[in-house]
Structure formats: C-alpha cells, structure tokens
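Asker: Got a structure for you, questions after.
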Amino acid sequence: MRTIVKYAFPVPEVPSVPVAGTELAFAVRRIYCVGRNYREHAREMGFEPERDPPFFFTKPADAIVQNGATIRYALGTKNLHHEIELVVAIGREGVDIPRETALEHVYGYAVGVDLTRRDLQLAARDKGRPWDVGKGFDESAPISAVHRAVDVGHPAAGALWLEVNGTLRQKADVSEMIWPVPDVIAFLSRLFVLESGDLIYTGTPAGVGPLEPGDRLRGALEGVDEITLQIAPYETA
Ligand code: MN
C-alpha cells in the first residue's frame, strides 16, 4: 500500500452526536436500522406480524441530523414519512454477541427519526429491489444527543411518541418491540462486527405518515430525551 501524502479533496468531518451532560461527541461509524419491530406498524405496512428474525437496512453515517435542525424536504419524493425510534449507541466492539451480555456493548441511547421516502421504498419493496434510495438518503437520520447508559439506564419500557404541528401521530411503549434491544444486538452482531460508534435505529410503532414543507416535529423517548425537527417551508418569491 502506498503512503498517502495528501488527499485529493478535503477529508469530510466525522459525523457525530453530542453526549449529553459531557463535553464529548459520539463519532458515528455506521447506522443500522431494524424493519417492522412493532406489531401495529407491521400491520399498517400490510404485513401480519410474525416473530421472524429481525431484518436490517442501513443509512450512511453522514445522514445524521442534529436535534433542533431545520432540513429541506427530501429530494425525489412526494411522500416523505416520519418514523420515531429508540436509537442504541454501541460503545464496545463485538461479534456473535449473546443476548444475555448484549447490553454490556451499549454506550447509551437516543431518540431519532428514521425519515423515509415511502413512495420510493414501497416501489423498491414491490419490485424486490434494495431499499437504499427509500431509506439511506441525505438528512434521513435526525437524532437527539446520546445519553449514556450509566446515566439513564437501559430503557426496556417507556413512552415513545411523535407529534407533528402539535398533533399526536405516533405513540407506543418501547416494551412493545417484537425484538427488544438485546435481541437486536445479538442478531445484528451475527451479520456485522459491531464497533463503538455504531448506531441502531430499532424500528417504529404505528402511526407513520407524510410530512409537508413547513411541518414542525416534536418527539420523545420517555426517560431519555426529546427531539425537534423542522421541515423548511416552500421558498416564497
Ligand atoms: Mn424505521
């Protein structure tokens, strides 16, 4: 291998999320996401929920959006959807992790929104094509600060909700997850070597729906944090 003397282009900044109550930042290595992890959401997407092994998709690390940000309505879609989710922040490397020790690999938790170009995702799904363009686009991973497990514990229960322009759209309890966090980590670590810096969006409850330019989102994971997000209004001349 040749020694790199100089990069052709400036090296992009490492995407990161503040660690609450500290001066630290959680540098994001990868973003994994779980599909259909709440029964009522599986039903609203047209599936009878079964306890099949969980399935995963990914987003690029630079899809991260900081809490409180205003983003543009996503390119290439007419049906941008919100999905409020508990997010796990991995703090210790591991592969083939047993569910019994899985929580030892968790650094902390956040609340995030898995923004989805639903029209593109469903078109891909129906044609047996990859989900990348429906899920892994620019600014598709808004997230709160990461709260360390030493501070907030491991939230096995607690309300997870999202309102848009003050109207409640999604509300469930994270105890309703088909595959709880230890199982998600166990399954995922059989497919990928998990490393510190990995985030796992653990799936959304029922009530997903479309967003419009100008919308204001506010959501929370009880005992962890709140998240707000604005979709920029249409440009007015
Ligand atoms: Mn999701």
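Ligands are numbered from 1 in the order shown, chains are lettered A, B, ... in the order of the structure tokens, and residues start at 1 in each chain.
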Which residues of chain A have any atom within 6 Å of an atom in ligand 1 when counting only C-alpha atoms and all ligand atoms, and what is the closest pair of atoms for each, with the distance in Å to one decimal? Order the rows by chain and rising number and write it as a tab-separated table.

Answerer:
```
residue	atom	partner	partner_atom_place_in_ligand_line	distance
A:Gly35	CA	ligand 1	1 (Mn)	5.8
A:Glu83	CA	ligand 1	1 (Mn)	5.5
A:Asp114	CA	ligand 1	1 (Mn)	5.0
A:Gly203	CA	ligand 1	1 (Mn)	4.4
A:Thr204	CA	ligand 1	1 (Mn)	5.1
```

Asker: Show which residues sit within 9 Å of Glu176 (chain A), as a ChimeraX atom specification. Count only C-alpha atoms, and ignore same-chain residues fewer than 3 positions away.

Answerer: /A:37-39,157,172-173,179-180,205

Asker: Work out how far CA of Gln121 (chain A) is from CA of His41 (chain A), in Å to one decimal.

Answerer: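 It comes out at 15.2 Å.
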
Asker: Smallest atom-to-atom distance to Asp215 (chain A): which of A:Ser196, A:Asn79, A:Gln230, A:Asn67, using only C-alpha atoms?

Answerer: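 Residue with the minimum atom-to-atom distance to Asp215 (chain A): A:Gln230.
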
Asker: Using only C-alpha atoms, determine which residues lie at most 12 Å from region 160-166 of chain A, disregarding the query and same-chain residues fewer than 6 positions distant; provide the list as a JSON list (two decimals) with all heavy atoms, in the first residue's frame.

Answerer:
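File produced: part-v3.json:
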```json
[["chain", "number", "residue", "atom", "x", "y", "z"],
["A", 38, "TYR", "N", -42.52, -3.38, 15.50],
["A", 38, "TYR", "CA", -43.74, -3.22, 16.33],
["A", 38, "TYR", "C", -44.91, -3.80, 15.54],
["A", 38, "TYR", "O", -45.05, -3.53, 14.33],
["A", 38, "TYR", "CB", -44.02, -1.73, 16.61],
["A", 38, "TYR", "CG", -43.03, -1.06, 17.54],
["A", 38, "TYR", "CD1", -41.80, -0.61, 17.06],
["A", 38, "TYR", "CD2", -43.34, -0.86, 18.88],
["A", 38, "TYR", "CE1", -40.90, 0.03, 17.90],
["A", 38, "TYR", "CE2", -42.44, -0.22, 19.73],
["A", 38, "TYR", "CZ", -41.22, 0.22, 19.23],
["A", 38, "TYR", "OH", -40.33, 0.86, 20.06],
["A", 81, "HIS", "N", -41.98, 10.31, 4.92],
["A", 81, "HIS", "CA", -42.65, 9.86, 6.15],
["A", 81, "HIS", "C", -41.74, 9.99, 7.36],
["A", 81, "HIS", "O", -40.52, 9.86, 7.26],
["A", 81, "HIS", "CB", -43.03, 8.37, 6.02],
["A", 81, "HIS", "CG", -44.39, 8.15, 5.44],
["A", 81, "HIS", "ND1", -45.17, 7.06, 5.78],
["A", 81, "HIS", "CD2", -45.13, 8.87, 4.55],
["A", 81, "HIS", "CE1", -46.32, 7.11, 5.11],
["A", 81, "HIS", "NE2", -46.31, 8.19, 4.36],
["A", 82, "HIS", "N", -42.38, 10.17, 8.52],
["A", 82, "HIS", "CA", -41.68, 10.17, 9.82],
["A", 82, "HIS", "C", -41.79, 8.79, 10.46],
["A", 82, "HIS", "O", -42.84, 8.12, 10.34],
["A", 82, "HIS", "CB", -42.30, 11.21, 10.76],
["A", 82, "HIS", "CG", -43.79, 11.05, 10.94],
["A", 82, "HIS", "ND1", -44.34, 10.10, 11.78],
["A", 82, "HIS", "CD2", -44.83, 11.70, 10.38],
["A", 82, "HIS", "CE1", -45.65, 10.19, 11.73],
["A", 82, "HIS", "NE2", -45.99, 11.15, 10.88],
["A", 83, "GLU", "N", -40.72, 8.36, 11.14],
["A", 83, "GLU", "CA", -40.74, 7.13, 11.97],
["A", 83, "GLU", "C", -39.94, 7.43, 13.23],
["A", 83, "GLU", "O", -38.71, 7.50, 13.18],
["A", 83, "GLU", "CB", -40.10, 5.94, 11.22],
["A", 83, "GLU", "CG", -40.83, 5.55, 9.94],
["A", 83, "GLU", "CD", -40.31, 4.23, 9.35],
["A", 83, "GLU", "OE1", -39.29, 3.70, 9.84],
["A", 83, "GLU", "OE2", -40.93, 3.75, 8.38],
["A", 84, "ILE", "N", -40.62, 7.62, 14.36],
["A", 84, "ILE", "CA", -39.92, 7.89, 15.62],
["A", 84, "ILE", "C", -39.37, 6.56, 16.16],
["A", 84, "ILE", "O", -40.05, 5.54, 16.12],
["A", 84, "ILE", "CB", -40.86, 8.58, 16.64],
["A", 84, "ILE", "CG1", -40.10, 9.07, 17.88],
["A", 84, "ILE", "CG2", -42.01, 7.67, 17.07],
["A", 84, "ILE", "CD1", -39.37, 10.35, 17.67],
["A", 85, "GLU", "N", -38.13, 6.57, 16.67],
["A", 85, "GLU", "CA", -37.49, 5.31, 17.08],
["A", 85, "GLU", "C", -36.54, 5.49, 18.27],
["A", 85, "GLU", "O", -35.92, 6.55, 18.42],
["A", 85, "GLU", "CB", -36.69, 4.73, 15.90],
["A", 85, "GLU", "CG", -37.55, 4.66, 14.63],
["A", 85, "GLU", "CD", -37.06, 3.71, 13.56],
["A", 85, "GLU", "OE1", -35.97, 3.11, 13.71],
["A", 85, "GLU", "OE2", -37.79, 3.57, 12.56],
["A", 86, "LEU", "N", -36.44, 4.47, 19.07],
["A", 86, "LEU", "CA", -35.37, 4.38, 20.07],
["A", 86, "LEU", "C", -34.09, 4.04, 19.32],
["A", 86, "LEU", "O", -34.07, 3.15, 18.46],
["A", 86, "LEU", "CB", -35.70, 3.28, 21.09],
["A", 86, "LEU", "CG", -34.68, 2.94, 22.17],
["A", 86, "LEU", "CD1", -35.39, 2.32, 23.39],
["A", 86, "LEU", "CD2", -33.60, 1.98, 21.70],
["A", 87, "VAL", "N", -33.01, 4.77, 19.65],
["A", 87, "VAL", "CA", -31.73, 4.53, 18.99],
["A", 87, "VAL", "C", -30.72, 4.04, 20.03],
["A", 87, "VAL", "O", -30.58, 4.63, 21.10],
["A", 87, "VAL", "CB", -31.19, 5.80, 18.31],
["A", 87, "VAL", "CG1", -29.88, 5.52, 17.58],
["A", 87, "VAL", "CG2", -32.24, 6.37, 17.35],
["A", 110, "ALA", "N", -30.56, 7.20, 22.43],
["A", 110, "ALA", "CA", -31.05, 8.47, 21.92],
["A", 110, "ALA", "C", -32.43, 8.22, 21.34],
["A", 110, "ALA", "O", -32.89, 7.08, 21.25],
["A", 110, "ALA", "CB", -30.11, 9.01, 20.84],
["A", 111, "VAL", "N", -33.11, 9.32, 20.99],
["A", 111, "VAL", "CA", -34.36, 9.18, 20.25],
["A", 111, "VAL", "C", -34.10, 9.79, 18.87],
["A", 111, "VAL", "O", -33.45, 10.84, 18.74],
["A", 111, "VAL", "CB", -35.55, 9.83, 21.00],
["A", 111, "VAL", "CG1", -35.32, 11.31, 21.27],
["A", 111, "VAL", "CG2", -36.85, 9.61, 20.24],
["A", 112, "GLY", "N", -34.56, 9.09, 17.84],
["A", 112, "GLY", "CA", -34.28, 9.54, 16.47],
["A", 112, "GLY", "C", -35.49, 9.37, 15.57],
["A", 112, "GLY", "O", -36.51, 8.80, 15.96],
["A", 113, "VAL", "N", -35.36, 9.91, 14.38],
["A", 113, "VAL", "CA", -36.42, 9.79, 13.37],
["A", 113, "VAL", "C", -35.82, 9.13, 12.14],
["A", 113, "VAL", "O", -34.84, 9.63, 11.58],
["A", 113, "VAL", "CB", -37.03, 11.16, 13.01],
["A", 113, "VAL", "CG1", -38.21, 10.99, 12.05],
["A", 113, "VAL", "CG2", -37.47, 11.92, 14.25],
["A", 114, "ASP", "N", -36.38, 7.98, 11.76],
["A", 114, "ASP", "CA", -35.97, 7.30, 10.53],
["A", 114, "ASP", "C", -36.82, 7.88, 9.40],
["A", 114, "ASP", "O", -37.91, 7.38, 9.12],
["A", 114, "ASP", "CB", -36.19, 5.78, 10.71],
["A", 114, "ASP", "CG", -36.13, 5.01, 9.40],
["A", 114, "ASP", "OD1", -35.64, 5.56, 8.40],
["A", 114, "ASP", "OD2", -36.57, 3.84, 9.40],
["A", 172, "ALA", "N", -46.41, 4.77, 21.43],
["A", 172, "ALA", "CA", -46.36, 3.38, 21.86],
["A", 172, "ALA", "C", -45.42, 3.30, 23.04],
["A", 172, "ALA", "O", -44.92, 4.33, 23.52],
["A", 172, "ALA", "CB", -45.84, 2.50, 20.72],
["A", 173, "ASP", "N", -45.21, 2.10, 23.53],
["A", 173, "ASP", "CA", -44.25, 1.89, 24.59],
["A", 173, "ASP", "C", -43.14, 1.00, 24.03],
["A", 173, "ASP", "O", -43.43, 0.03, 23.32],
["A", 173, "ASP", "CB", -44.93, 1.22, 25.79],
["A", 173, "ASP", "CG", -44.06, 1.33, 27.04],
["A", 173, "ASP", "OD1", -43.04, 0.61, 27.12],
["A", 173, "ASP", "OD2", -44.39, 2.16, 27.91],
["A", 174, "VAL", "N", -41.91, 1.32, 24.34],
["A", 174, "VAL", "CA", -40.80, 0.54, 23.76],
["A", 174, "VAL", "C", -40.80, -0.91, 24.26],
["A", 174, "VAL", "O", -40.14, -1.76, 23.67],
["A", 174, "VAL", "CB", -39.42, 1.19, 23.98],
["A", 174, "VAL", "CG1", -39.32, 2.50, 23.20],
["A", 174, "VAL", "CG2", -39.12, 1.41, 25.43],
["A", 175, "SER", "N", -41.56, -1.18, 25.31],
["A", 175, "SER", "CA", -41.70, -2.58, 25.75],
["A", 175, "SER", "C", -42.48, -3.41, 24.74],
["A", 175, "SER", "O", -42.49, -4.64, 24.82],
["A", 175, "SER", "CB", -42.41, -2.64, 27.11],
["A", 175, "SER", "OG", -43.72, -2.14, 26.99],
["A", 176, "GLU", "N", -43.13, -2.73, 23.76],
["A", 176, "GLU", "CA", -43.91, -3.45, 22.74],
["A", 176, "GLU", "C", -43.05, -3.93, 21.57],
["A", 176, "GLU", "O", -43.58, -4.55, 20.64],
["A", 176, "GLU", "CB", -45.02, -2.54, 22.20],
["A", 176, "GLU", "CG", -46.07, -2.17, 23.25],
["A", 176, "GLU", "CD", -46.96, -1.01, 22.78],
["A", 176, "GLU", "OE1", -47.23, -0.90, 21.58],
["A", 176, "GLU", "OE2", -47.37, -0.21, 23.65],
["A", 177, "MET", "N", -41.77, -3.65, 21.58],
["A", 177, "MET", "CA", -40.91, -4.10, 20.48],
["A", 177, "MET", "C", -40.99, -5.63, 20.33],
["A", 177, "MET", "O", -40.93, -6.36, 21.32],
["A", 177, "MET", "CB", -39.45, -3.74, 20.75],
["A", 177, "MET", "CG", -39.07, -2.34, 20.40],
["A", 177, "MET", "SD", -37.27, -2.20, 20.41],
["A", 177, "MET", "CE", -37.09, -0.75, 21.37],
["A", 202, "THR", "N", -34.10, 1.24, 16.11],
["A", 202, "THR", "CA", -34.67, -0.06, 16.46],
["A", 202, "THR", "C", -36.10, -0.29, 15.97],
["A", 202, "THR", "O", -36.75, -1.24, 16.40],
["A", 202, "THR", "CB", -34.61, -0.27, 17.98],
["A", 202, "THR", "OG1", -35.30, 0.81, 18.61],
["A", 202, "THR", "CG2", -33.18, -0.35, 18.48],
["A", 203, "GLY", "N", -36.58, 0.55, 15.05],
["A", 203, "GLY", "CA", -37.91, 0.32, 14.50],
["A", 203, "GLY", "C", -38.94, 1.27, 15.08],
["A", 203, "GLY", "O", -38.76, 1.83, 16.16],
["A", 204, "THR", "N", -40.03, 1.46, 14.33],
["A", 204, "THR", "CA", -41.02, 2.48, 14.69],
["A", 204, "THR", "C", -42.38, 1.86, 14.98],
["A", 204, "THR", "O", -42.74, 0.84, 14.38],
["A", 204, "THR", "CB", -41.14, 3.53, 13.56],
["A", 204, "THR", "OG1", -41.74, 4.71, 14.08],
["A", 204, "THR", "CG2", -41.98, 3.03, 12.39],
["A", 205, "PRO", "N", -43.14, 2.46, 15.91],
["A", 205, "PRO", "CA", -44.51, 2.00, 16.14],
["A", 205, "PRO", "C", -45.47, 2.52, 15.06],
["A", 205, "PRO", "O", -45.07, 3.26, 14.17],
["A", 205, "PRO", "CB", -44.86, 2.58, 17.51],
["A", 205, "PRO", "CG", -43.96, 3.74, 17.69],
["A", 205, "PRO", "CD", -42.73, 3.50, 16.87],
["A", 206, "ALA", "N", -46.73, 2.14, 15.18],
["A", 206, "ALA", "CA", -47.75, 2.54, 14.20],
["A", 206, "ALA", "C", -47.94, 4.05, 14.19],
["A", 206, "ALA", "O", -47.55, 4.75, 15.12],
["A", 206, "ALA", "CB", -49.07, 1.86, 14.53],
["A", 207, "GLY", "N", -48.53, 4.53, 13.11],
["A", 207, "GLY", "CA", -48.87, 5.95, 13.01],
["A", 207, "GLY", "C", -47.97, 6.73, 12.08],
["A", 207, "GLY", "O", -48.03, 7.95, 12.05],
["A", 208, "VAL", "N", -47.12, 6.01, 11.32],
["A", 208, "VAL", "CA", -46.25, 6.72, 10.38],
["A", 208, "VAL", "C", -47.12, 7.47, 9.37],
["A", 208, "VAL", "O", -48.26, 7.05, 9.10],
["A", 208, "VAL", "CB", -45.30, 5.75, 9.64],
["A", 208, "VAL", "CG1", -44.44, 4.99, 10.64],
["A", 208, "VAL", "CG2", -46.04, 4.78, 8.73],
["A", 209, "GLY", "N", -46.59, 8.55, 8.85],
["A", 209, "GLY", "CA", -47.39, 9.33, 7.91],
["A", 209, "GLY", "C", -46.57, 10.41, 7.24],
["A", 209, "GLY", "O", -45.40, 10.62, 7.57],
["A", 210, "PRO", "N", -47.20, 11.10, 6.28],
["A", 210, "PRO", "CA", -46.47, 12.05, 5.44],
["A", 210, "PRO", "C", -46.16, 13.38, 6.14],
["A", 210, "PRO", "O", -46.91, 13.83, 7.00],
["A", 210, "PRO", "CB", -47.43, 12.27, 4.27],
["A", 210, "PRO", "CG", -48.79, 12.00, 4.83],
["A", 210, "PRO", "CD", -48.61, 10.95, 5.89],
["A", 211, "LEU", "N", -45.07, 13.97, 5.73],
["A", 211, "LEU", "CA", -44.66, 15.30, 6.18],
["A", 211, "LEU", "C", -44.77, 16.27, 5.02],
["A", 211, "LEU", "O", -44.73, 15.87, 3.85],
["A", 211, "LEU", "CB", -43.20, 15.24, 6.67],
["A", 211, "LEU", "CG", -42.99, 14.39, 7.92],
["A", 211, "LEU", "CD1", -41.51, 14.14, 8.15],
["A", 211, "LEU", "CD2", -43.63, 15.06, 9.13],
["A", 212, "GLU", "N", -44.92, 17.56, 5.36],
["A", 212, "GLU", "CA", -45.03, 18.61, 4.35],
["A", 212, "GLU", "C", -44.01, 19.69, 4.69],
["A", 212, "GLU", "O", -43.65, 19.87, 5.86],
["A", 212, "GLU", "CB", -46.44, 19.24, 4.40],
["A", 212, "GLU", "CG", -47.59, 18.29, 4.14],
["A", 212, "GLU", "CD", -47.61, 17.78, 2.71],
["A", 212, "GLU", "OE1", -47.01, 18.44, 1.83],
["A", 212, "GLU", "OE2", -48.23, 16.72, 2.48],
["A", 213, "PRO", "N", -43.58, 20.44, 3.68],
["A", 213, "PRO", "CA", -42.72, 21.60, 3.97],
["A", 213, "PRO", "C", -43.41, 22.49, 4.99],
["A", 213, "PRO", "O", -44.63, 22.70, 4.92],
["A", 213, "PRO", "CB", -42.59, 22.29, 2.60],
["A", 213, "PRO", "CG", -42.78, 21.19, 1.61],
["A", 213, "PRO", "CD", -43.81, 20.27, 2.23],
["A", 214, "GLY", "N", -42.64, 22.98, 5.94],
["A", 214, "GLY", "CA", -43.18, 23.84, 6.99],
["A", 214, "GLY", "C", -43.58, 23.09, 8.25],
["A", 214, "GLY", "O", -43.86, 23.71, 9.27],
["A", 215, "ASP", "N", -43.60, 21.75, 8.20],
["A", 215, "ASP", "CA", -44.00, 20.97, 9.38],
["A", 215, "ASP", "C", -42.97, 21.09, 10.50],
["A", 215, "ASP", "O", -41.77, 21.19, 10.27],
["A", 215, "ASP", "CB", -44.17, 19.48, 9.02],
["A", 215, "ASP", "CG", -45.51, 19.18, 8.38],
["A", 215, "ASP", "OD1", -46.39, 20.08, 8.36],
["A", 215, "ASP", "OD2", -45.68, 18.03, 7.91],
["A", 216, "ARG", "N", -43.49, 21.04, 11.73],
["A", 216, "ARG", "CA", -42.65, 21.05, 12.93],
["A", 216, "ARG", "C", -42.89, 19.75, 13.68],
["A", 216, "ARG", "O", -44.02, 19.44, 14.05],
["A", 216, "ARG", "CB", -43.00, 22.25, 13.82],
["A", 216, "ARG", "CG", -42.97, 23.58, 13.06],
["A", 216, "ARG", "CD", -43.36, 24.74, 13.97],
["A", 216, "ARG", "NE", -42.31, 25.01, 14.94],
["A", 216, "ARG", "CZ", -41.24, 25.76, 14.68],
["A", 216, "ARG", "NH1", -41.09, 26.33, 13.52],
["A", 216, "ARG", "NH2", -40.34, 25.96, 15.62],
["A", 217, "LEU", "N", -41.84, 19.00, 13.91],
["A", 217, "LEU", "CA", -41.93, 17.71, 14.59],
["A", 217, "LEU", "C", -41.40, 17.84, 16.00],
["A", 217, "LEU", "O", -40.40, 18.54, 16.24],
["A", 217, "LEU", "CB", -41.11, 16.63, 13.87],
["A", 217, "LEU", "CG", -41.63, 16.11, 12.52],
["A", 217, "LEU", "CD1", -41.47, 17.15, 11.43],
["A", 217, "LEU", "CD2", -40.89, 14.85, 12.13],
["A", 218, "ARG", "N", -42.05, 17.14, 16.92],
["A", 218, "ARG", "CA", -41.56, 17.05, 18.29],
["A", 218, "ARG", "C", -41.84, 15.64, 18.76],
["A", 218, "ARG", "O", -42.97, 15.14, 18.63],
["A", 218, "ARG", "CB", -42.28, 18.07, 19.17],
["A", 218, "ARG", "CG", -41.80, 18.13, 20.58],
["A", 218, "ARG", "CD", -42.35, 19.37, 21.31],
["A", 218, "ARG", "NE", -42.37, 19.12, 22.74],
["A", 218, "ARG", "CZ", -43.45, 18.78, 23.44],
["A", 218, "ARG", "NH1", -44.63, 18.69, 22.85],
["A", 218, "ARG", "NH2", -43.36, 18.57, 24.74],
["A", 219, "GLY", "N", -40.82, 14.98, 19.26],
["A", 219, "GLY", "CA", -40.99, 13.61, 19.72],
["A", 219, "GLY", "C", -40.17, 13.36, 20.95],
["A", 219, "GLY", "O", -39.37, 14.20, 21.37],
["A", 220, "ALA", "N", -40.36, 12.19, 21.55],
["A", 220, "ALA", "CA", -39.61, 11.88, 22.76],
["A", 220, "ALA", "C", -39.56, 10.39, 23.02],
["A", 220, "ALA", "O", -40.44, 9.63, 22.57],
["A", 220, "ALA", "CB", -40.24, 12.58, 23.97],
["A", 221, "LEU", "N", -38.54, 10.02, 23.72],
["A", 221, "LEU", "CA", -38.44, 8.71, 24.35],
["A", 221, "LEU", "C", -38.37, 8.97, 25.85],
["A", 221, "LEU", "O", -37.43, 9.62, 26.33],
["A", 221, "LEU", "CB", -37.20, 7.96, 23.87],
["A", 221, "LEU", "CG", -36.87, 6.67, 24.62],
["A", 221, "LEU", "CD1", -38.02, 5.68, 24.57],
["A", 221, "LEU", "CD2", -35.60, 6.05, 24.04],
["A", 222, "GLU", "N", -39.41, 8.52, 26.56],
["A", 222, "GLU", "CA", -39.53, 8.80, 27.99],
["A", 222, "GLU", "C", -38.26, 8.37, 28.74],
["A", 222, "GLU", "O", -37.76, 7.26, 28.53],
["A", 222, "GLU", "CB", -40.74, 8.02, 28.53],
["A", 222, "GLU", "CG", -41.08, 8.33, 29.97],
["A", 222, "GLU", "CD", -42.25, 7.47, 30.47],
["A", 222, "GLU", "OE1", -42.83, 6.70, 29.68],
["A", 222, "GLU", "OE2", -42.56, 7.59, 31.67],
["A", 223, "GLY", "N", -37.76, 9.26, 29.56],
["A", 223, "GLY", "CA", -36.58, 8.94, 30.37],
["A", 223, "GLY", "C", -35.26, 9.11, 29.64],
["A", 223, "GLY", "O", -34.20, 8.90, 30.23],
["A", 224, "VAL", "N", -35.31, 9.48, 28.35],
["A", 224, "VAL", "CA", -34.07, 9.66, 27.59],
["A", 224, "VAL", "C", -33.96, 11.10, 27.08],
["A", 224, "VAL", "O", -33.14, 11.87, 27.56],
["A", 224, "VAL", "CB", -33.95, 8.63, 26.44],
["A", 224, "VAL", "CG1", -32.73, 8.93, 25.57],
["A", 224, "VAL", "CG2", -33.83, 7.22, 27.02],
["A", 225, "ASP", "N", -34.79, 11.48, 26.12],
["A", 225, "ASP", "CA", -34.66, 12.83, 25.56],
["A", 225, "ASP", "C", -35.86, 13.16, 24.69],
["A", 225, "ASP", "O", -36.68, 12.28, 24.39],
["A", 225, "ASP", "CB", -33.38, 12.96, 24.74],
["A", 225, "ASP", "CG", -32.84, 14.40, 24.67],
["A", 225, "ASP", "OD1", -33.56, 15.34, 25.09],
["A", 225, "ASP", "OD2", -31.71, 14.58, 24.19],
["A", 226, "GLU", "N", -35.90, 14.43, 24.27],
["A", 226, "GLU", "CA", -36.86, 14.90, 23.27],
["A", 226, "GLU", "C", -36.09, 15.23, 22.00],
["A", 226, "GLU", "O", -34.90, 15.51, 22.05],
["A", 226, "GLU", "CB", -37.55, 16.18, 23.75],
["A", 226, "GLU", "CG", -38.70, 15.93, 24.69],
["A", 226, "GLU", "CD", -39.64, 17.14, 24.80],
["A", 226, "GLU", "OE1", -39.57, 18.08, 23.97],
["A", 226, "GLU", "OE2", -40.43, 17.13, 25.74],
["A", 227, "ILE", "N", -36.82, 15.23, 20.88],
["A", 227, "ILE", "CA", -36.21, 15.66, 19.63],
["A", 227, "ILE", "C", -37.18, 16.60, 18.92],
["A", 227, "ILE", "O", -38.40, 16.38, 18.95],
["A", 227, "ILE", "CB", -35.83, 14.46, 18.74],
["A", 227, "ILE", "CG1", -35.10, 14.94, 17.47],
["A", 227, "ILE", "CG2", -37.05, 13.60, 18.38],
["A", 227, "ILE", "CD1", -34.45, 13.82, 16.67],
["A", 228, "THR", "N", -36.64, 17.65, 18.34],
["A", 228, "THR", "CA", -37.45, 18.51, 17.48],
["A", 228, "THR", "C", -36.78, 18.63, 16.12],
["A", 228, "THR", "O", -35.56, 18.47, 16.00],
["A", 228, "THR", "CB", -37.63, 19.93, 18.07],
["A", 228, "THR", "OG1", -36.36, 20.55, 18.18],
["A", 228, "THR", "CG2", -38.32, 19.89, 19.42],
["A", 229, "LEU", "N", -37.60, 18.88, 15.12],
["A", 229, "LEU", "CA", -37.12, 18.95, 13.73],
["A", 229, "LEU", "C", -38.11, 19.80, 12.96],
["A", 229, "LEU", "O", -39.32, 19.69, 13.16],
["A", 229, "LEU", "CB", -37.06, 17.53, 13.15],
["A", 229, "LEU", "CG", -36.61, 17.40, 11.70],
["A", 229, "LEU", "CD1", -35.10, 17.60, 11.59],
["A", 229, "LEU", "CD2", -36.98, 16.03, 11.13],
["A", 230, "GLN", "N", -37.59, 20.66, 12.09],
["A", 230, "GLN", "CA", -38.46, 21.43, 11.21],
["A", 230, "GLN", "C", -38.16, 21.06, 9.76],
["A", 230, "GLN", "O", -37.00, 20.86, 9.40],
["A", 230, "GLN", "CB", -38.21, 22.94, 11.38],
["A", 230, "GLN", "CG", -38.78, 23.52, 12.66],
["A", 230, "GLN", "CD", -37.89, 23.19, 13.87],
["A", 230, "GLN", "OE1", -38.35, 22.61, 14.86],
["A", 230, "GLN", "NE2", -36.62, 23.53, 13.78],
["A", 231, "ILE", "N", -39.21, 20.98, 8.97],
["A", 231, "ILE", "CA", -39.05, 20.84, 7.53],
["A", 231, "ILE", "C", -39.17, 22.26, 6.95],
["A", 231, "ILE", "O", -40.19, 22.92, 7.19],
["A", 231, "ILE", "CB", -40.12, 19.92, 6.90],
["A", 231, "ILE", "CG1", -40.30, 18.62, 7.71],
["A", 231, "ILE", "CG2", -39.79, 19.63, 5.44],
["A", 231, "ILE", "CD1", -39.10, 17.71, 7.74]]
```

Asker: Got a sec to tell me which of region 60-139 of chain A DSSP assigns to strand (DSSP E), as JSON, numbers by chain?

Answerer: {"A": [64, 65, 66, 70, 71, 80, 81, 82, 84, 85, 86, 87, 88, 89, 90, 106, 107, 108, 109, 110, 111, 112, 113, 116, 117]}

Asker: Extract, using only C-alpha atoms, all DNA, RNA and protein residues at most 7 Å from Arg92 (chain A), discarding same-chain residues fewer than 3 positions from it, and format them as a list of chain:residue names.

Answerer: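 Residues meeting the cut-off are A:His105, A:Val106, A:Glu195, A:Ser196.
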
Asker: Given the selection you just returned, output its residues as a file containing all heavy atoms, formatted as a CSV table (one decimal), in the first residue's frame.

Answerer:
```csv
chain,number,residue,atom,x,y,z
A,105,HIS,N,-22.5,-4.0,25.7
A,105,HIS,CA,-22.0,-3.3,24.5
A,105,HIS,C,-22.6,-2.0,24.2
A,105,HIS,O,-22.3,-1.3,23.2
A,105,HIS,CB,-22.1,-4.2,23.2
A,105,HIS,CG,-21.3,-5.5,23.4
A,105,HIS,ND1,-20.0,-5.6,22.8
A,105,HIS,CD2,-21.5,-6.6,24.1
A,105,HIS,CE1,-19.5,-6.8,23.1
A,105,HIS,NE2,-20.4,-7.5,23.9
A,106,VAL,N,-23.6,-1.6,25.0
A,106,VAL,CA,-24.3,-0.4,24.8
A,106,VAL,C,-23.7,0.8,25.5
A,106,VAL,O,-23.5,0.7,26.7
A,106,VAL,CB,-25.8,-0.5,25.2
A,106,VAL,CG1,-26.5,0.8,25.1
A,106,VAL,CG2,-26.5,-1.6,24.4
A,195,GLU,N,-19.0,-2.1,16.2
A,195,GLU,CA,-17.9,-1.3,16.8
A,195,GLU,C,-18.5,-0.1,17.5
A,195,GLU,O,-19.6,0.3,17.3
A,195,GLU,CB,-17.0,-0.8,15.6
A,195,GLU,CG,-16.4,-1.8,14.7
A,195,GLU,CD,-15.1,-2.4,15.4
A,195,GLU,OE1,-14.7,-2.0,16.5
A,195,GLU,OE2,-14.5,-3.4,14.7
A,196,SER,N,-17.7,0.4,18.4
A,196,SER,CA,-18.1,1.7,19.1
A,196,SER,C,-18.3,2.7,18.0
A,196,SER,O,-17.6,2.7,17.0
A,196,SER,CB,-17.0,2.2,20.1
A,196,SER,OG,-15.8,2.2,19.4
```

Asker: Would you please work out which residue, of A:Val150, A:Val65, A:Leu188, A:Ala156, is nearest to Pro18 (chain A) when using only C-alpha atoms?

Answerer: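 The shortest atom-to-atom distance to Pro18 (chain A) comes from A:Val65.
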
Asker: Enter the distance from CA of Val133 (chain A) to CA of Lys171 (chain A), in Å, rounded to one decimal.

Answerer: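 According to the coordinates, CA of Val133 (chain A) and CA of Lys171 (chain A) are separated by 26.8 Å.
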
Asker: From the list A:Tyr107, A:Ile90, A:Pro15, A:Asp119, which residue is nearest Ala27 (chain A) when using only C-alpha atoms?

Answerer: A:Pro15

Asker: As a PyMOL selection string, please: the residues near Lys59 (chain A) (cut-off 12 Å, only C-alpha atoms, same-chain neighbours under 3 positions excluded).

Answerer: chain A and resi 28-34+56+62-64+114-116+131-142+198-201

Asker: Tell me, in Å to one decimal, how far CA of Pro53 (chain A) is from CA of Lys127 (chain A).

Answerer: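 Atom-to-atom, CA of Pro53 (chain A) to CA of Lys127 (chain A), that is 22.0 Å.
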
Asker: Let me make sure I understand: among A:Pro233, A:Gly128, A:Pro155, A:Gly94, which one has the smallest atom-to-atom distance to Thr70 (chain A) if we use only C-alpha atoms?

Answerer: A:Pro233

Asker: Just asking: which residues within region 1-146 of chain A are helix (DSSP H, G or I) according to DSSP, as a ChimeraX atom specification?

Answerer: /A:39-44,61-63,99-105,118-126,132-135

Asker: Determine the nearest neighbour of Thr22 (chain A) from the options A:Ile178, A:Ala61, A:Val146, A:Met45, counting only C-alpha atoms.

Answerer: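 Ranked by minimum distance to Thr22 (chain A), first place goes to A:Val146.
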